Amino acid sequence: VDIGSFSLVGVFGTYAIQCALYTICSFNIFGLELSTSNQVVIIDEGSTCGDSSPTVATFEGLLNPRRARSTATLSDGRMEATFRLGNSTSGTFGTYRLCWGFNPVVLADYKVEVGPFYFMEPPASSKCSVWDNYCFEKTDL
């Protein structure tokens, strides 16, 4: 007896996203039926995705929450969504949670935990100018 079909949409698996101070924070996540209505939010590690009032992380220069900038269908049928949060100029280094919502209206709509979000110091091989927030390799000095 055929009782119908079932399909699951959204992000695949768990991703570890890393962004560093004074750098552009941009990343892709993969899944099925992704769209530009999808959004991500970075919350405190002690909060839970889907809570009605999680502690939302703040990083000067990053938009949080943030809507998908674009989506694309790959040759194998999967989709990727690109998120570009901005260029951070301050924030507390550490581990956070990245949550996803299909078309969220309130914080409780970000029910899916994508994985850890690591906010880090700039790479040791770079030096950042406080005057223009531009990072460049030491060899460029």
# chains A, B, ... in the order shown; residues from 1 in each chain; ligands from 1
>>> residues_around(residues="region 60-72 of chain A", least_positions_apart="6", cutoff="7 Å", atoms="only C-alpha atoms", output="number ranges by chain")
A: 34-42, 79-91
>>> closest_residue(among="A:Cys19, A:Ile3, A:Leu74, A:Ile24", to="Leu98 (chain A)", atoms="only C-alpha atoms")
A:Cys19
>>> atom_distance(atom1="CA of Ser47 (chain A)", atom2="CA of Arg97 (chain A)")
7.9 Å
>>> atom_distance(atom1="CA of Leu21 (chain A)", atom2="CA of Gly50 (chain A)")
27.1 Å
